[in-house]
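**Q** This is the structure, below, for whatever I ask next.
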Amino acid sequence: MSALLLAATVVTGCAVGPADVKAEASKAPEIHTVTETLAKRLPKLGRIVSAHWQQKAPHADSRVPGPTDYYVSALMKLDPGSVAALTASTQMQPAVVGAEPESISIPAELAEFAPAGAQWVHSRVLDESLVRADSAELYFDPASDTVYLSATNVHLPDAVTVHVGPDGNQVTITPTPPAPTP
């Protein structure tokens with residue numbers, strides 16, 4: 001076990017200079033349109049007809065060991081009637097566009113893909129039941145069958161969590177999936 005811990009703490013690879021890190025951080029995240037990546041992680045939404053999404057890893061630095069958080073923002077168009085079906089059995093709250101709590105804040109790079117005149121609604125129950133992530137918020141526009149996702153570390157739905165007791169030799173292991181790739 002100690003060899004495993006030692007191996008996990010050893011960092012190898014090429015060093016990235018400060019100029020490289022600043023250049024990477026200043027790049028606008030690429031906008032992806034591949035739906036399969038999202039569909040694998042969000043099967044409970046149903047069929048994703050089209051999507052515009054981006055992924056950010058703002059604290060990614062190859063000089064620092066350990067996991068990196070991935071922030072995903074996605075506008076997804078679902079099959080007709082899907083949003084109404086998803087939201088029918090849950091009490092939804094209206095969401096306003098803005099930066100306040102309980103409001104939807106779509107990144108500027110994705111705003112042009114949002115439906116005009118959307119009437120966004122939100123439910124924490126659906127956040128927790130439809131997405132497996134460290135944190136996630138889903139906003140729905142039933143009229144356009146559009147869903148907006150803002151999430152940190154979206155996990156594969158079938159990722160395994162191994163629970164081991166607290167007797168000193170045991171730990172809880174939750175696999176962190178690799179970053180989604182378009």
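Residues are referred to by chain and number: the chain letter is A, B, ... according to the order shown in the structure tokens, the number counts from 1 in that chain, and ligands are numbered separately from 1 in the order shown.
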Would you kindly return, as an MDAnalysis selection string, each protein, DNA or RNA residue with an atom no farther than 10 Å from any atom of A:Gly81, considering only C-alpha atoms and excluding same-chain residues fewer than 6 positions away?

**A** chainID A and resid 142:145

**Q** Name all residues at most 12 Å from A:Gly117 (count only C-alpha atoms; drop same-chain ones fewer than 2 positions away) and give them as an NGL selection string.

**A** :A and (96-97 or 113-115 or 119-120 or 141-144 or 146)

**Q** Running DSSP on the backbone, which parts of stretch 85-143 of chain A land in helix (DSSP H, G or I), as an MDAnalysis selection string?

**A** chainID A and resid 85:87 108:111 124:130

**Q** Provide the atom CA of A:Thr152 to atom CA of A:Pro80 distance in Å, to one decimal place.

**A** 27.4 Å

**Q** Write out as JSON lines the residues of stretch 59-164 of chain A that have any atom within 10 Å of an atom of stretch 27-38 of chain A, one row each with the nearest atom pair and its distance in Å to one decimal, counting only C-alpha atoms, sorted by chain and then rising number.

**A**
{"residue": "A:Val72", "atom": "CA", "partner": "A:Leu38", "partner_atom": "CA", "distance": 9.9}
{"residue": "A:Ser73", "atom": "CA", "partner": "A:Ile31", "partner_atom": "CA", "distance": 9.7}
{"residue": "A:Ala74", "atom": "CA", "partner": "A:Leu38", "partner_atom": "CA", "distance": 8.7}
{"residue": "A:Leu75", "atom": "CA", "partner": "A:Thr33", "partner_atom": "CA", "distance": 9.7}
{"residue": "A:Met76", "atom": "CA", "partner": "A:Thr35", "partner_atom": "CA", "distance": 8.4}
{"residue": "A:Lys77", "atom": "CA", "partner": "A:Thr35", "partner_atom": "CA", "distance": 9.9}
{"residue": "A:Glu109", "atom": "CA", "partner": "A:Ile31", "partner_atom": "CA", "distance": 7.7}
{"residue": "A:Leu110", "atom": "CA", "partner": "A:Ile31", "partner_atom": "CA", "distance": 7.8}
{"residue": "A:Val154", "atom": "CA", "partner": "A:Leu38", "partner_atom": "CA", "distance": 9.2}
{"residue": "A:Leu156", "atom": "CA", "partner": "A:Leu38", "partner_atom": "CA", "distance": 9.8}

**Q** Would you write out those residues with C-alpha atoms, as a PDB file, in the first residue's frame?

**A**
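Wrote it out as selection.pdb, contents follow:
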ATOM      1  CA  VAL A  72     -18.708  21.998 -18.109  1.00  0.00           C
ATOM      2  CA  SER A  73     -21.280  24.405 -19.518  1.00  0.00           C
ATOM      3  CA  ALA A  74     -23.648  22.987 -22.112  1.00  0.00           C
ATOM      4  CA  LEU A  75     -26.727  24.024 -24.033  1.00  0.00           C
ATOM      5  CA  MET A  76     -28.464  20.888 -25.268  1.00  0.00           C
ATOM      6  CA  LYS A  77     -31.502  20.507 -27.494  1.00  0.00           C
ATOM      7  CA  GLU A 109     -19.263  32.161 -25.544  1.00  0.00           C
ATOM      8  CA  LEU A 110     -22.451  30.045 -25.424  1.00  0.00           C
ATOM      9  CA  VAL A 154     -19.501  15.155 -14.527  1.00  0.00           C
ATOM     10  CA  LEU A 156     -19.967   8.471 -15.912  1.00  0.00           C
TER      11      LEU A 156
END

**Q** So the first atom is atom CA of A:Ala57 and the second is atom CA of A:Ser123; what is the distance between them in Å, to one decimal place?

**A**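 Distance reported for this atom pair: 26.2 Å.
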
**Q** Quick one, how far is atom CA of A:Ser103 from atom CA of A:His122?

**A**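 Atom CA of A:His122 lies 8.8 Å from atom CA of A:Ser103.
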
**Q** Which residues, written as a count of residues only, have at least one atom at most 12 Å from A:Ala133, with only C-alpha atoms counted and residues fewer than 3 positions away on the same chain left out?

**A** 27
